[in-house]
$ cat upload_25.txt   # compact mmCIF, C-alpha atoms
# COMPACT_ATOMS: atom_id res chain seq x y z
CA MET A 264 -12.27 38.57 -64.89
CA TRP A 265 -13.29 37.48 -61.43
CA ASN A 266 -16.67 35.98 -60.89
CA GLN A 267 -17.88 33.18 -58.67
CA THR A 268 -16.86 30.54 -61.20
CA THR A 269 -13.32 31.83 -61.72
CA ILE A 270 -12.88 32.38 -57.99
CA MET A 271 -13.94 28.80 -57.23
CA ALA A 272 -11.57 27.54 -59.91
CA ALA A 273 -8.75 29.51 -58.28
CA ILE A 274 -9.66 28.07 -54.88
CA ASP A 275 -9.63 24.53 -56.29
CA SER A 276 -6.24 25.16 -57.89
CA ALA A 277 -4.81 26.49 -54.64
CA LYS A 278 -6.25 23.55 -52.70
CA ASP A 279 -4.55 21.16 -55.11
CA ASP A 280 -1.27 22.96 -54.54
CA TYR A 281 -1.70 22.94 -50.78
CA GLY A 282 -2.38 19.23 -50.80
CA SER A 283 -4.21 18.90 -47.48
CA PRO A 284 -7.87 19.32 -46.69
CA VAL A 285 -8.95 22.91 -46.12
CA THR A 286 -12.32 23.88 -44.73
CA THR A 287 -12.22 27.66 -44.51
CA VAL A 288 -11.14 30.00 -47.30
CA GLU A 289 -11.10 33.77 -47.08
CA VAL A 290 -11.26 35.55 -50.42
CA SER A 291 -10.02 39.10 -50.87
CA PHE A 292 -8.62 41.31 -53.57
CA ALA A 293 -5.36 43.19 -54.09
CA GLY A 294 -5.07 45.26 -57.23
CA ASP A 295 -6.30 42.94 -59.96
CA ASP A 296 -5.17 39.83 -58.13
CA LEU A 297 -7.20 37.50 -56.01
CA ARG A 298 -5.89 36.70 -52.55
CA LEU A 299 -6.81 33.43 -50.88
CA ALA A 300 -6.20 32.66 -47.22
CA PHE A 301 -6.63 29.10 -45.98
CA LYS A 302 -7.60 29.13 -42.32
CA GLY A 303 -7.51 26.44 -39.69
CA ASP A 304 -9.22 26.06 -36.36
CA GLY A 305 -9.31 29.27 -34.39
CA GLY A 306 -8.59 31.33 -37.48
CA SER A 307 -4.94 30.35 -37.76
CA LEU A 308 -3.41 30.95 -41.19
CA LEU A 309 -2.45 27.71 -42.93
CA ALA A 310 -1.42 29.12 -46.29
CA ALA A 311 -1.96 32.15 -48.49
CA TYR A 312 -2.04 32.43 -52.26
CA SER A 313 -2.15 35.18 -54.85
CA VAL A 314 -3.79 34.46 -58.20
CA ASP A 315 -3.34 36.83 -61.12
CA THR A 316 -5.84 37.46 -63.88
CA ASP A 317 -4.19 34.78 -66.04
CA GLY A 318 -4.87 32.26 -63.30
CA GLU A 319 -1.24 31.94 -62.28
CA LEU A 320 -0.97 30.80 -58.71
CA THR A 321 1.68 32.03 -56.27
CA ARG A 322 1.99 30.92 -52.70
CA VAL A 323 2.80 33.94 -50.57
CA GLY A 324 3.97 34.64 -47.06
CA ASP A 325 6.18 31.60 -46.56
CA MET B 233 -39.85 34.34 -5.26
CA ALA B 234 -38.37 33.94 -1.79
CA ARG B 235 -35.03 32.40 -0.87
CA ASN B 236 -33.40 31.82 2.49
CA SER B 237 -30.43 34.03 3.04
CA PRO B 238 -27.22 32.06 2.58
CA GLY B 239 -25.89 33.91 5.57
CA GLY B 240 -28.04 31.72 7.76
CA ASP B 241 -29.52 34.62 9.67
CA GLY B 242 -32.98 33.17 9.35
CA VAL B 243 -34.28 36.11 7.37
CA THR B 244 -36.27 35.38 4.23
CA ARG B 245 -35.75 37.99 1.52
CA GLY B 246 -37.45 38.48 -1.81
CA PHE B 247 -35.40 38.39 -5.00
CA PRO B 248 -36.58 39.86 -8.29
CA ALA B 249 -37.98 37.04 -10.38
CA ASP B 250 -35.76 37.80 -13.36
CA LEU B 251 -32.64 37.26 -11.26
CA VAL B 252 -33.53 33.71 -10.36
CA SER B 253 -35.65 32.41 -13.21
CA ASP B 254 -34.01 33.63 -16.43
CA ALA B 255 -30.26 33.80 -16.62
CA SER B 256 -30.19 34.26 -20.39
CA PRO B 257 -28.79 37.62 -21.49
CA TRP B 258 -31.08 37.47 -24.52
CA GLY B 259 -34.76 38.21 -24.79
CA ASP B 260 -37.06 37.21 -27.63
CA VAL B 261 -38.54 40.21 -29.38
CA GLY B 262 -40.07 38.47 -32.35
CA LYS B 263 -40.45 35.01 -33.81
CA TRP B 264 -42.19 33.62 -36.81
CA ASP B 265 -43.00 29.99 -37.48
CA TRP B 266 -43.58 30.26 -41.20
CA THR B 267 -45.18 26.82 -41.28
CA ASN B 268 -48.01 28.17 -39.12
CA GLU B 269 -48.53 31.56 -40.74
CA GLY B 270 -51.35 32.24 -43.15
CA THR B 271 -50.67 31.38 -46.75
CA HIS B 272 -49.64 34.28 -48.94
CA THR B 273 -48.07 34.86 -52.34
CA PHE B 274 -45.91 37.96 -52.39
CA SER B 275 -46.28 40.75 -54.94
CA ASP B 276 -43.20 42.87 -55.47
CA GLY B 277 -43.02 45.80 -53.07
CA VAL B 278 -46.37 45.07 -51.46
CA ALA B 279 -46.18 44.59 -47.69
CA GLN B 280 -47.97 41.77 -45.93
CA ALA B 281 -48.36 41.64 -42.16
CA PHE B 282 -47.31 38.53 -40.24
CA GLN B 283 -47.41 38.70 -36.43
CA GLY B 284 -48.21 42.38 -36.82
CA ILE B 285 -45.00 43.16 -38.72
CA ASN B 286 -44.94 44.17 -42.37
CA TRP B 287 -42.90 41.88 -44.62
CA THR B 288 -42.11 42.92 -48.19
CA SER B 289 -40.62 41.10 -51.15
CA ARG B 290 -38.26 42.48 -53.77
CA ASN B 291 -36.71 41.02 -56.90
CA THR B 292 -39.89 39.01 -56.97
CA ALA B 293 -39.84 38.56 -60.75
CA LEU B 294 -36.57 36.63 -60.39
CA ALA B 295 -38.37 33.94 -58.38
CA ASP B 296 -40.65 31.25 -59.72
CA SER B 297 -42.22 30.97 -56.29
CA LEU B 298 -42.16 33.48 -53.45
CA GLN B 299 -44.83 32.56 -50.96
CA VAL B 300 -45.77 31.48 -47.47
CA LYS B 301 -47.36 28.06 -47.44
CA ALA B 302 -47.68 25.01 -45.21
CA SER B 303 -44.02 24.08 -45.63
CA GLY B 304 -42.80 27.58 -44.79
CA LEU B 305 -41.65 30.74 -46.54
CA GLU B 306 -40.57 29.41 -49.91
CA ILE B 307 -38.27 31.08 -52.42
CA GLY B 308 -38.04 28.96 -55.54
CA ILE B 309 -35.92 29.87 -58.56
CA THR B 310 -35.80 27.97 -61.83
CA ALA B 311 -33.86 28.25 -65.06
CA SER B 312 -36.71 30.32 -66.46
CA GLU B 313 -35.72 33.31 -64.35
CA SER B 314 -32.73 35.47 -65.14
CA SER B 315 -29.56 35.04 -63.11
CA SER B 316 -29.59 36.56 -59.63
CA GLN B 317 -26.87 37.30 -57.11
CA TYR B 318 -25.61 39.49 -54.28
CA TYR B 319 -22.32 41.02 -55.38
CA TRP B 320 -21.10 44.54 -54.62
CA THR B 321 -24.05 46.78 -55.62
CA THR B 322 -25.84 44.02 -57.51
CA GLN B 323 -28.62 42.83 -55.21
CA THR B 324 -30.93 40.77 -57.36
CA GLY B 325 -31.68 37.72 -55.22
CA PRO B 326 -35.38 37.37 -54.40
CA ILE B 327 -35.90 38.49 -50.82
CA VAL B 328 -38.52 38.96 -48.10
CA PHE B 329 -37.64 41.51 -45.43
CA ALA B 330 -38.90 43.72 -42.61
CA SER B 331 -37.63 46.85 -40.87
CA LEU B 332 -35.75 45.91 -37.72
CA SER B 333 -37.12 48.99 -35.93
CA ASP B 334 -40.62 47.62 -36.50
CA ILE B 335 -39.64 44.38 -34.76
CA VAL B 336 -37.49 45.82 -31.96
CA SER B 337 -39.38 48.49 -30.10
CA GLY B 338 -37.19 51.51 -29.45
CA TYR B 339 -34.30 50.02 -31.42
CA SER B 340 -31.18 52.14 -31.01
CA LEU B 341 -27.42 52.01 -31.49
CA LYS B 342 -27.14 50.76 -27.92
CA ASP B 343 -28.82 47.49 -28.82
CA THR B 344 -27.15 44.25 -29.82
CA ILE B 345 -29.51 42.15 -31.90
CA VAL B 346 -29.44 38.53 -33.02
CA ILE B 347 -31.45 37.25 -35.95
CA GLN B 348 -31.81 33.53 -36.61
CA CYS B 349 -33.50 31.29 -39.13
CA VAL B 350 -34.12 27.61 -39.73
CA MET B 351 -34.24 26.68 -43.38
CA ASP B 352 -34.29 23.87 -45.92
CA SER B 353 -32.55 24.00 -49.26
CA ASP B 354 -33.15 21.80 -52.25
CA VAL B 355 -31.47 21.69 -55.64
CA THR B 356 -32.50 19.94 -58.84
CA ILE B 357 -29.52 19.79 -61.17
CA GLN B 358 -29.79 19.41 -64.92
CA SER B 359 -26.55 18.33 -66.50
CA GLY B 360 -24.45 20.82 -68.38
CA ASN B 361 -22.52 23.93 -67.39
CA GLU B 362 -22.77 23.11 -63.69
CA SER B 363 -19.48 24.81 -62.81
CA ASN B 364 -20.92 28.15 -63.89
CA GLN B 365 -24.01 27.80 -61.75
CA HIS B 366 -24.13 28.81 -58.09
CA VAL B 367 -26.95 28.75 -55.57
CA TYR B 368 -27.34 30.60 -52.30
CA GLY B 369 -29.83 31.26 -49.55
CA GLY B 370 -29.92 32.63 -46.02
CA LEU B 371 -30.05 35.81 -43.96
CA ILE B 372 -29.24 39.39 -44.91
CA VAL B 373 -28.99 42.75 -43.15
CA PHE B 374 -29.29 45.75 -45.45
CA ASP B 375 -30.82 49.15 -46.06
CA GLY B 376 -33.63 47.99 -48.34
CA GLY B 377 -31.72 48.42 -51.60
CA TYR B 378 -32.42 45.92 -54.33
CA GLY B 379 -32.01 45.26 -58.03
CA GLY B 380 -29.08 45.76 -60.35
CA SER B 381 -27.93 48.95 -58.63
CA GLY B 382 -28.99 48.39 -55.08
CA GLY B 383 -26.42 50.63 -53.42
CA GLY B 384 -24.26 47.90 -51.90
CA ASN B 385 -25.24 48.45 -48.27
CA TRP B 386 -25.65 44.86 -47.11
CA TYR B 387 -24.05 41.92 -45.38
CA GLN B 388 -25.20 38.35 -45.25
CA ALA B 389 -24.63 34.82 -43.96
CA ASN B 390 -25.91 31.95 -46.00
CA TRP B 391 -25.65 28.56 -47.65
CA TYR B 392 -23.65 28.38 -50.87
CA ARG B 393 -23.09 25.60 -53.40
CA GLN B 394 -21.48 25.42 -56.82
CA LEU B 395 -23.56 22.94 -58.81
CA SER B 396 -20.53 21.08 -60.21
CA SER B 397 -19.71 19.94 -56.68
CA SER B 398 -21.64 18.30 -53.87
CA THR B 399 -19.82 20.43 -51.28
CA ASN B 400 -22.05 22.66 -49.18
CA TYR B 401 -20.51 25.81 -47.77
CA TYR B 402 -21.12 28.31 -45.04
CA HIS B 403 -20.75 31.65 -46.79
CA ALA B 404 -20.55 35.23 -45.53
CA ARG B 405 -20.19 38.34 -47.62
CA TYR B 406 -20.74 42.07 -47.65
CA GLY B 407 -21.61 44.52 -50.38
CA GLY B 408 -20.37 47.86 -51.53
CA GLY B 409 -16.83 49.02 -51.18
CA THR B 410 -15.26 51.78 -53.18
CA VAL B 411 -12.11 50.06 -54.43
CA SER B 412 -11.79 48.01 -57.58
CA GLY B 413 -13.05 44.52 -56.90
CA GLY B 414 -14.88 45.74 -53.85
CA GLY B 415 -17.47 43.00 -54.24
CA VAL B 416 -15.04 40.13 -54.22
CA PRO B 417 -14.25 39.56 -50.55
CA TYR B 418 -16.07 36.74 -48.86
CA VAL B 419 -15.42 33.70 -46.72
CA ILE B 420 -16.52 30.12 -47.25
CA GLY B 421 -16.35 27.12 -44.98
CA ASP B 422 -16.97 23.51 -45.99
CA THR B 423 -19.78 22.19 -43.80
CA GLY B 424 -18.38 18.69 -44.18
CA GLY B 425 -21.84 17.44 -45.06
CA GLY B 426 -25.25 18.90 -45.64
CA ALA B 427 -26.32 22.45 -46.21
CA PRO B 428 -26.57 24.87 -43.31
CA ALA B 429 -30.04 24.61 -41.82
CA PHE B 430 -29.58 27.07 -38.97
CA ILE B 431 -28.14 30.54 -39.56
CA GLU B 432 -27.55 33.29 -37.02
CA MET B 433 -26.34 36.85 -37.42
CA THR B 434 -25.39 39.14 -34.57
CA ILE B 435 -25.88 42.79 -35.37
CA TYR B 436 -23.66 44.88 -33.14
CA PRO B 437 -24.09 48.61 -32.70
CA ALA B 438 -23.03 50.47 -35.84
CA THR B 439 -22.04 48.12 -38.65
CA GLY B 440 -20.13 45.28 -37.02
CA TRP B 441 -21.54 41.81 -37.33
CA ALA B 442 -20.88 38.14 -36.69
CA SER B 443 -22.35 34.96 -38.13
CA ALA B 444 -22.80 31.38 -36.97
CA MET B 445 -24.22 28.52 -39.00
CA SER B 446 -24.92 24.85 -38.55
CA PRO B 447 -26.46 21.90 -40.40
CA ASN B 448 -28.55 21.31 -37.25
CA ALA B 449 -32.08 22.33 -38.19
CA SER B 450 -33.24 23.65 -34.85
CA ILE B 451 -33.35 27.04 -33.20
CA GLN B 452 -30.34 27.36 -30.92
CA ASP B 453 -29.25 29.78 -28.21
CA PRO B 454 -27.40 32.88 -29.46
CA HIS B 455 -23.64 32.43 -29.69
CA SER B 456 -23.87 28.73 -28.87
CA VAL B 457 -23.01 27.55 -32.40
CA SER B 458 -19.29 27.23 -33.14
CA THR B 459 -19.37 26.52 -36.88
CA GLY B 460 -19.73 29.02 -39.71
CA VAL B 461 -18.50 31.73 -37.35
CA TYR B 462 -17.26 34.75 -39.27
CA TYR B 463 -16.90 38.41 -38.43
CA GLY B 464 -17.12 41.52 -40.52
CA ASN B 465 -17.80 45.17 -40.77
CA MET B 466 -19.94 46.91 -43.35
CA GLU B 467 -19.22 50.58 -43.50
CA THR B 468 -18.90 52.57 -46.67
CA ALA B 469 -19.91 56.06 -45.61
CA LEU B 470 -17.46 56.90 -42.84
CA PRO B 471 -13.76 57.60 -43.15
CA LYS B 472 -11.40 55.78 -40.84
CA ASP B 473 -11.91 58.49 -38.24
CA ILE B 474 -14.83 58.01 -35.97
CA GLY B 475 -17.51 60.63 -36.37
CA SER B 476 -20.86 61.44 -37.82
CA GLY B 477 -20.23 60.90 -41.52
CA GLY B 478 -20.96 63.45 -44.17
CA GLY B 479 -17.52 64.96 -43.69
CA ASN B 480 -17.97 65.54 -39.98
CA THR B 481 -15.33 63.53 -38.14
CA SER B 482 -15.71 65.20 -34.78
CA PRO B 483 -15.83 62.69 -31.94
CA GLY B 484 -18.86 63.00 -29.77
CA THR B 485 -21.35 63.72 -32.49
CA ASN B 486 -24.05 61.24 -33.34
CA PRO B 487 -22.62 58.63 -35.69
CA ASP B 488 -24.35 58.43 -39.01
CA PHE B 489 -23.45 54.93 -40.05
CA THR B 490 -24.31 53.44 -43.41
CA LEU B 491 -26.55 50.95 -41.65
CA ARG B 492 -28.25 52.31 -38.57
CA PRO B 493 -31.45 51.71 -36.59
CA SER B 494 -33.47 54.02 -38.80
CA ASN B 495 -32.72 52.13 -42.01
CA ILE B 496 -31.75 48.54 -41.15
CA LYS B 497 -33.84 45.81 -42.70
CA VAL B 498 -33.50 42.10 -42.00
CA GLY B 499 -34.46 39.49 -44.52
CA MET B 500 -34.42 36.00 -45.95
CA TRP B 501 -33.27 35.49 -49.51
CA ALA B 502 -32.12 33.08 -52.19
CA ALA B 503 -30.21 33.47 -55.43
CA TYR B 504 -29.31 31.36 -58.45
CA TYR B 505 -26.34 32.85 -60.26
CA THR B 506 -25.08 31.72 -63.65
CA ALA B 507 -21.70 33.24 -64.46
CA THR B 508 -21.86 32.38 -68.15
CA GLY B 509 -23.59 29.95 -70.47
CA VAL B 510 -26.81 28.06 -70.12
CA ARG B 511 -28.70 27.36 -66.92
CA GLY B 512 -31.15 24.55 -66.44
CA SER B 513 -31.38 23.75 -62.75
CA GLU B 514 -33.66 24.75 -59.89
CA VAL B 515 -33.19 25.81 -56.30
CA THR B 516 -35.75 26.09 -53.55
CA VAL B 517 -34.97 27.58 -50.16
CA THR B 518 -37.72 27.20 -47.57
CA PHE B 519 -37.48 29.18 -44.37
CA LYS B 520 -39.17 27.40 -41.49
CA LYS B 521 -38.56 29.85 -38.66
CA PHE B 522 -37.23 33.33 -38.10
CA ARG B 523 -36.40 34.74 -34.69
CA VAL B 524 -35.12 38.09 -33.40
CA LEU B 525 -33.51 38.50 -29.99
CA LYS B 526 -32.19 41.53 -28.15
CA ARG B 527 -29.44 41.50 -25.58
CA LYS B 528 -30.83 42.59 -22.25
CA ALA B 529 -29.51 45.85 -20.84
$ encode --input "upload_25.txt" --output "structure tokens"
Amino acid sequence: MWNQTTIMAAIDSAKDDYGSPVTTVEVSFAGDDLRLAFKGDGGSLLAAYSVDTDGELTRVGD
Amino acid sequence: MARNSPGGDGVTRGFPADLVSDASPWGDVGKWDWTNEGTHTFSDGVAQAFQGINWTSRNTALADSLQVKASGLEIGITASESSSQYYWTTQTGPIVFASLSDIVSGYSLKDTIVIQCVMDSDVTIQSGNESNQHVYGGLIVFDGGYGGSGGGNWYQANWYRQLSSSTNYYHARYGGGTVSGGGVPYVIGDTGGGAPAFIEMTIYPATGWASAMSPNASIQDPHSVSTGVYYGNMETALPKDIGSGGGNTSPGTNPDFTLRPSNIKVGMWAAYYTATGVRGSEVTVTFKKFRVLKRKA
């Protein structure tokens, strides 16, 4: 399911949801789901998302 | 060198030259200006000496061009070659590398090493299926594994671009991992402009590492670059307990890390990955310089 193309599509989808420019994205994995962490200056967490294998996006940690 | 004592006692004392003339904690142990080296076309697995150090290429058949020439060490990949990538244990990007212990005399776990490169990257995009095409190039630290089942013992810092976008990224990633999806984790950072042209990796004792990258195409002092800074650890052999590996977790024994002075290689690489569908573009990564520094004791 996950390859560089699908991961980049998930990142673009999460960026659209976030709505503000993001420069740094950390990509990790939890079970079958992709985890995306948007980071700001100094490594501060701006937002985190979980993306399932159907591409459904969930903002987490708020 | 002689200096007057600040105590004003009129006594002139000698100070060791290295205390007054070189405050840098880093010492050069090897540097290559690929634009001034002798021309050479690599054959897969065949070492070629530059500055007295053997450099070897792998995955050579997945490059259209893998050579040292007037413009530098060039890795060119076209649509005619099969897809290549570094992902988990897949290590198919064309690469030129050397053993770090050949470069750093007496290299041991006590040493902190920095490797740096200056590079150019160039992409020629043919329309169609661009979102499924991805290009990369930069530095890697690994155990020499390569090919479709390379073992996964690697970490890297590099330029990355998806061909459907003009965005250039700093990118850092590591291989291996025993869990499902172990190859997925990575970090990207929008450069805000051009591709990274300077890449640095700090190799700490054992398997810790840090990267720094910049679009500024000049050699820079270690740890002076503040962009593309990422940190990681690449350890697949040891359990969480500190120890020697191989089931021995007794503190005080010699660690047997996955990557260690006896097996670490450092290299320059490129890859052109097509996730699915056709590919028709080209990427050329040209390494201009490569430098290795060791932190002074």
$ residues_around --input "upload_25.txt" --residues "Val290 in chain A" --least-positions-apart "6" --cutoff "9 Å" --atoms "all atoms listed in the file" --output "ChimeraX atom specification"
/A:270,274,297-300 /B:416-420
$ write_last_selection --input "upload_25.txt" --atoms "C-alpha atoms" --output "JSON list (two decimals), keeping the file's coordinate frame"
[["chain", "number", "residue", "atom", "x", "y", "z"],
["A", 270, "ILE", "CA", -12.88, 32.38, -57.99],
["A", 274, "ILE", "CA", -9.66, 28.07, -54.88],
["A", 297, "LEU", "CA", -7.20, 37.50, -56.01],
["A", 298, "ARG", "CA", -5.89, 36.70, -52.55],
["A", 299, "LEU", "CA", -6.81, 33.43, -50.88],
["A", 300, "ALA", "CA", -6.20, 32.66, -47.22],
["B", 416, "VAL", "CA", -15.04, 40.13, -54.22],
["B", 417, "PRO", "CA", -14.25, 39.56, -50.55],
["B", 418, "TYR", "CA", -16.07, 36.74, -48.86],
["B", 419, "VAL", "CA", -15.42, 33.70, -46.72],
["B", 420, "ILE", "CA", -16.52, 30.12, -47.25]]
$ residues_around --input "upload_25.txt" --residues "Ile335 in chain B" --least-positions-apart "5" --cutoff "8 Å" --atoms "only C-alpha atoms" --output "list of chain:residue names"
B:Val261, B:Gly262, B:Ile285, B:Ala330, B:Val524
$ atom_distance --input "upload_25.txt" --atom1 "CA of Gly383 in chain B" --atom2 "CA of Asn495 in chain B"
13.1 Å
$ atom_distance --input "upload_25.txt" --atom1 "CA of Tyr462 in chain B" --atom2 "CA of Ser443 in chain B"
5.2 Å
$ closest_atom_pairs --input "upload_25.txt" --of "chain B" --to "chain A" --cutoff "12 Å" --atoms "all atoms listed in the file" --output "tab-separated table"
residue	atom	partner	partner_atom	distance
B:Gln317	CA	A:Gln267	CA	10.0
B:Tyr318	CA	A:Gln267	CA	10.9
B:Tyr319	CA	A:Asn266	CA	9.4
B:Trp320	CA	A:Asn266	CA	11.5
B:Asn361	CA	A:Thr268	CA	10.7
B:Glu362	CA	A:Thr268	CA	9.8
B:Ser363	CA	A:Thr268	CA	6.5
B:Asn364	CA	A:Thr268	CA	5.4
B:Gln365	CA	A:Thr268	CA	7.7
B:His366	CA	A:Gln267	CA	7.6
B:Val367	CA	A:Gln267	CA	10.6
B:Tyr368	CA	A:Gln267	CA	11.7
B:Tyr392	CA	A:Gln267	CA	10.8
B:Arg393	CA	A:Met271	CA	10.4
B:Gln394	CA	A:Thr268	CA	8.2
B:Leu395	CA	A:Thr268	CA	10.4
B:Ser396	CA	A:Thr268	CA	10.2
B:Ser397	CA	A:Met271	CA	10.6
B:Thr399	CA	A:Thr286	CA	10.5
B:Asn400	CA	A:Thr286	CA	10.8
B:Tyr401	CA	A:Thr286	CA	8.9
B:Tyr402	CA	A:Thr287	CA	8.9
B:His403	CA	A:Thr287	CA	9.7
B:Ala404	CA	A:Glu289	CA	9.7
B:Arg405	CA	A:Val290	CA	9.8
B:Tyr406	CA	A:Ser291	CA	11.6
B:Gly409	CA	A:Phe292	CA	11.5
B:Val411	CA	A:Gly294	CA	9.0
B:Ser412	CA	A:Gly294	CA	7.3
B:Gly413	CA	A:Phe292	CA	6.4
B:Gly414	CA	A:Phe292	CA	7.7
B:Gly415	CA	A:Phe292	CA	9.0
B:Val416	CA	A:Ser291	CA	6.1
B:Pro417	CA	A:Ser291	CA	4.3
B:Tyr418	CA	A:Val290	CA	5.2
B:Val419	CA	A:Glu289	CA	4.3
B:Ile420	CA	A:Val288	CA	5.4
B:Gly421	CA	A:Thr287	CA	4.2
B:Asp422	CA	A:Thr286	CA	4.8
B:Thr423	CA	A:Thr286	CA	7.7
B:Gly424	CA	A:Thr286	CA	8.0
B:Gly425	CA	A:Thr286	CA	11.5
B:Ser458	CA	A:Gly305	CA	10.3
B:Thr459	CA	A:Asp304	CA	10.2
B:Gly460	CA	A:Thr287	CA	9.0
B:Val461	CA	A:Gly306	CA	9.9
B:Tyr462	CA	A:Gly306	CA	9.5
B:Tyr463	CA	A:Gly306	CA	11.0
B:Gly464	CA	A:Glu289	CA	11.8
B:Tyr504	CA	A:Gln267	CA	11.6
B:Tyr505	CA	A:Gln267	CA	8.6
B:Thr506	CA	A:Thr268	CA	8.7
B:Ala507	CA	A:Thr268	CA	6.4
B:Thr508	CA	A:Thr268	CA	8.8
B:Gly509	CA	A:Thr268	CA	11.5
$ axis_aligned_box --input "upload_25.txt" --around "range 266-273 of chain A" --padding-each-side "4 Å" --output "AutoDock Vina command-line options"
--center_x -13.3 --center_y 31.8 --center_z -59.5 --size_x 17.1 --size_y 16.4 --size_z 12.5
$ residues_around --input "upload_25.txt" --residues "Ala429 in chain B" --least-positions-apart "6" --cutoff "7 Å" --atoms "all atoms listed in the file" --output "mmCIF file with C-alpha atoms, keeping the file's coordinate frame"
data_model
loop_
_atom_site.group_PDB
_atom_site.id
_atom_site.type_symbol
_atom_site.label_atom_id
_atom_site.label_comp_id
_atom_site.auth_asym_id
_atom_site.auth_seq_id
_atom_site.Cartn_x
_atom_site.Cartn_y
_atom_site.Cartn_z
ATOM 1 C CA VAL B 350 -34.120 27.610 -39.730
ATOM 2 C CA MET B 351 -34.240 26.680 -43.380
ATOM 3 C CA ASP B 352 -34.290 23.870 -45.920
ATOM 4 C CA SER B 446 -24.920 24.850 -38.550
ATOM 5 C CA PRO B 447 -26.460 21.900 -40.400
ATOM 6 C CA ASN B 448 -28.550 21.310 -37.250
ATOM 7 C CA ALA B 449 -32.080 22.330 -38.190
#
$ residues_around --input "upload_25.txt" --residues "Lys497 in chain B" --least-positions-apart "3" --cutoff "7 Å" --atoms "only C-alpha atoms" --output "ChimeraX atom specification"
/B:329-332,373-376
$ write_last_selection --input "upload_25.txt" --atoms "C-alpha atoms" --output "compact mmCIF listing (two decimals), keeping the file's coordinate frame"
# COMPACT_ATOMS: atom_id res chain seq x y z
CA PHE B 329 -37.64 41.51 -45.43
CA ALA B 330 -38.90 43.72 -42.61
CA SER B 331 -37.63 46.85 -40.87
CA LEU B 332 -35.75 45.91 -37.72
CA VAL B 373 -28.99 42.75 -43.15
CA PHE B 374 -29.29 45.75 -45.45
CA ASP B 375 -30.82 49.15 -46.06
CA GLY B 376 -33.63 47.99 -48.34
$ closest_residue --input "upload_25.txt" --among "B:Ala389, B:Ala311, B:Val346, B:Ala502" --to "Gly369 in chain B" --atoms "only C-alpha atoms"
B:Ala502
$ residues_around --input "upload_25.txt" --residues "Ser513 in chain B" --least-positions-apart "3" --cutoff "6 Å" --atoms "only C-alpha atoms" --output "ChimeraX atom specification"
/B:311,356-358
$ write_last_selection --input "upload_25.txt" --atoms "C-alpha atoms" --output "mmCIF file, in the coordinates of the input"
data_model
loop_
_atom_site.group_PDB
_atom_site.id
_atom_site.type_symbol
_atom_site.label_atom_id
_atom_site.label_comp_id
_atom_site.auth_asym_id
_atom_site.auth_seq_id
_atom_site.Cartn_x
_atom_site.Cartn_y
_atom_site.Cartn_z
ATOM 1 C CA ALA B 311 -33.860 28.250 -65.060
ATOM 2 C CA THR B 356 -32.500 19.940 -58.840
ATOM 3 C CA ILE B 357 -29.520 19.790 -61.170
ATOM 4 C CA GLN B 358 -29.790 19.410 -64.920
#
$ closest_residue --input "upload_25.txt" --among "B:Ala427, B:Ile372, B:Met466, B:Ala281" --to "Trp391 in chain B" --atoms "only C-alpha atoms"
B:Ala427
$ build_atoms --input "upload_25.txt" --residues "range 266-276 of chain A" --atoms "N, CA and C atoms" --output "compact mmCIF listing (two decimals), keeping the file's coordinate frame"
# COMPACT_ATOMS: atom_id res chain seq x y z
N ASN A 266 -15.29 36.22 -61.28
CA ASN A 266 -16.67 35.98 -60.89
C ASN A 266 -16.68 34.71 -60.04
N GLN A 267 -17.84 34.31 -59.61
CA GLN A 267 -17.88 33.18 -58.67
C GLN A 267 -17.27 31.92 -59.27
N THR A 268 -17.42 31.73 -60.57
CA THR A 268 -16.86 30.54 -61.20
C THR A 268 -15.33 30.60 -61.23
N THR A 269 -14.78 31.74 -61.65
CA THR A 269 -13.32 31.83 -61.72
C THR A 269 -12.69 31.83 -60.33
N ILE A 270 -13.40 32.40 -59.37
CA ILE A 270 -12.88 32.38 -57.99
C ILE A 270 -12.84 30.95 -57.47
N MET A 271 -13.92 30.18 -57.71
CA MET A 271 -13.94 28.80 -57.23
C MET A 271 -12.88 27.95 -57.93
N ALA A 272 -12.62 28.25 -59.21
CA ALA A 272 -11.57 27.54 -59.91
C ALA A 272 -10.21 27.86 -59.30
N ALA A 273 -10.00 29.12 -58.93
CA ALA A 273 -8.75 29.51 -58.28
C ALA A 273 -8.60 28.83 -56.93
N ILE A 274 -9.70 28.75 -56.18
CA ILE A 274 -9.66 28.07 -54.88
C ILE A 274 -9.31 26.60 -55.06
N ASP A 275 -9.94 25.95 -56.04
CA ASP A 275 -9.63 24.53 -56.29
C ASP A 275 -8.17 24.34 -56.66
N SER A 276 -7.64 25.24 -57.49
CA SER A 276 -6.24 25.16 -57.89
C SER A 276 -5.32 25.32 -56.69
